[in-house]
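Heads up: the structure comes next, in structure tokens.
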Amino acid sequence: MTAKILIVTGDAAESLEVLYPYQRLREEGYEVDIAAPARKKLQFVVHDFEPGFDTYTEKPGYTWPADLAFSEVDPGQYTALVIPGGRAPEYLRNDPELRKILKSFFDADKPVAQICHGPLLTAAIGSLEGRRVTAYPALELDMQAAGASFQDVEAVVDGTLVSSRAWPDHSAWMREFLKVLRAKAPVA
């Protein structure tokens, strides 16, 4: 049986932070499902920097169908979890179905990859306390408030949790996550 990985996301997720791990993990032989608040076509976004702006800008990105609604997810069917960033985590952290899914992965010590604003979700369930993480640098204070030790580097591995700052760090993020996956949840 092929190992399955779950990506949890929603509208306004960063296009590259959903699609890069989706394709990279499939390339490795994993089956990957995307779950969102509802089964629908999701609208992703592109975040980038423009000269003269103090922060990133947002433009419409790719659309992609969600395979499952959060209410349909059985976490026991999945060996690992990916949490993309973008703006989606800001509202997804309020979803009680998603919080149950996230908690089950952490309770079972399954591999979790989070990037950019994704750690807002793991912070919402109290799973960053005492951990080392990275995230989009503007979230440093949020990570510290959640009890984590923030590191401004490409990728941080803390047990089965692998975090990264943003899409420019994808190579380091997936390289480290794949090391964890190969040890804890290899492709059958």
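Lettering and numbering for the structure tokens are positional, with chains as A, B, ... in the shown order, residues counted from 1 in each chain, and ligands counted from 1 in the shown order.
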
All residues 6 Å or closer to segment 166-182 of chain A, only C-alpha atoms, same chain fewer than 6 positions away omitted, as a tab-separated table (two decimals) with C-alpha atoms, in the first residue's frame:
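Listed below is the output, out12.tsv:
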chain	number	residue	atom	x	y	z
A	17	GLU	CA	3.69	26.29	-1.14
A	115	ILE	CA	6.01	26.62	5.85
A	116	CYS	CA	5.56	30.39	5.92
A	136	TYR	CA	7.87	33.65	7.65
A	154	GLU	CA	15.90	27.92	5.52
A	155	ALA	CA	14.66	24.84	7.36

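Across segment 40-71 of chain A, DSSP run on the backbone finds strand (DSSP E) at Lys41, Leu42, Gln43, Phe44, Val45, Val46, His47, Asp48, Thr57, Glu58, Lys59, Pro60, Gly61, Tyr62, Thr63, Trp64, Pro65, Leu68 and Ala69 of chain A.
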
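For segment 73-87 of chain A, the list of residues within 7 Å, based on only C-alpha atoms and with local chain neighbours fewer than 4 positions off taken out, reads Ala3, Lys4, Ile5, Leu6, Ile7, Val8, Thr9, Ala12, Ala13, Glu14, Glu17, Val18, Leu68, Ala69, Ile101, Ser104, Lys110, Pro111, Val112, Ala113, Gln114, Ile115, Cys116, His117, Gly118 and Ala185 of chain A.
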
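Candidate residues A:Ala183, A:Met143, A:Leu92, A:Leu102 were compared for distance to Ile125 of chain A, and the nearest is A:Leu102, using only C-alpha atoms.
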
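Shortest separation to Ala88 of chain A among A:Gln43, A:Gln151, A:Ser164, A:Gln23 occurs at residue A:Gln43, atoms counted being only C-alpha atoms.
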
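Between atom CA of Phe106 of chain A and atom CA of Gly159 of chain A the separation is 10.9 Å.
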
message: At a cut-off of 10 Å, using only C-alpha atoms, what residues contact Gly147 of chain A? Leave out same-chain residues fewer than 6 positions from it and give the result as a PyMOL selection string.
response: chain A and resi 123+126-132+141

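Considering the residues A:His47, A:Lys41, A:Lys184, A:Lys100 and counting only C-alpha atoms, Ser15 of chain A has its shortest atom-to-atom contact with A:His47.
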
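Excluding Glu72 of chain A itself and same-chain residues fewer than 3 positions from it, the residues having an atom within 10 Å of it are Ala35, Ala36, Pro37, Ala38, Arg39, Asp67, Leu68, Ala69, Pro75 and Glu97 of chain A, counting only C-alpha atoms.
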
Take the selection from the previous step and output its residues with N, CA, C and O atoms, as a CSV table (one decimal), in the first residue's frame.
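Okay, this is what ended up in selection29.csv:
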chain,number,residue,atom,x,y,z
A,35,ALA,N,-6.9,18.6,1.4
A,35,ALA,CA,-8.1,18.8,2.1
A,35,ALA,C,-8.3,20.3,2.4
A,35,ALA,O,-7.3,21.0,2.6
A,36,ALA,N,-9.5,20.8,2.4
A,36,ALA,CA,-9.9,22.2,2.6
A,36,ALA,C,-11.2,22.2,3.4
A,36,ALA,O,-11.8,21.1,3.6
A,37,PRO,N,-11.7,23.4,3.7
A,37,PRO,CA,-12.9,23.4,4.5
A,37,PRO,C,-14.1,22.7,3.7
A,37,PRO,O,-15.0,22.2,4.4
A,38,ALA,N,-14.1,22.8,2.4
A,38,ALA,CA,-15.1,22.1,1.6
A,38,ALA,C,-14.5,21.6,0.3
A,38,ALA,O,-13.4,22.1,-0.1
A,39,ARG,N,-15.1,20.6,-0.3
A,39,ARG,CA,-14.7,20.1,-1.6
A,39,ARG,C,-15.1,21.2,-2.6
A,39,ARG,O,-16.3,21.4,-2.8
A,67,ASP,N,-9.5,17.7,-2.8
A,67,ASP,CA,-9.9,16.3,-2.8
A,67,ASP,C,-11.0,15.9,-1.8
A,67,ASP,O,-11.8,15.1,-2.0
A,68,LEU,N,-10.8,16.6,-0.6
A,68,LEU,CA,-11.6,16.2,0.5
A,68,LEU,C,-12.0,17.5,1.3
A,68,LEU,O,-11.2,18.5,1.3
A,69,ALA,N,-13.1,17.5,2.0
A,69,ALA,CA,-13.4,18.5,3.0
A,69,ALA,C,-12.8,18.0,4.3
A,69,ALA,O,-12.6,16.8,4.5
A,75,PRO,N,-7.6,11.0,9.7
A,75,PRO,CA,-6.1,11.1,9.8
A,75,PRO,C,-5.3,9.8,9.9
A,75,PRO,O,-4.2,9.7,9.5
A,97,GLU,N,-12.8,21.3,12.8
A,97,GLU,CA,-12.4,20.0,12.2
A,97,GLU,C,-10.9,19.9,11.9
A,97,GLU,O,-10.3,18.9,12.1
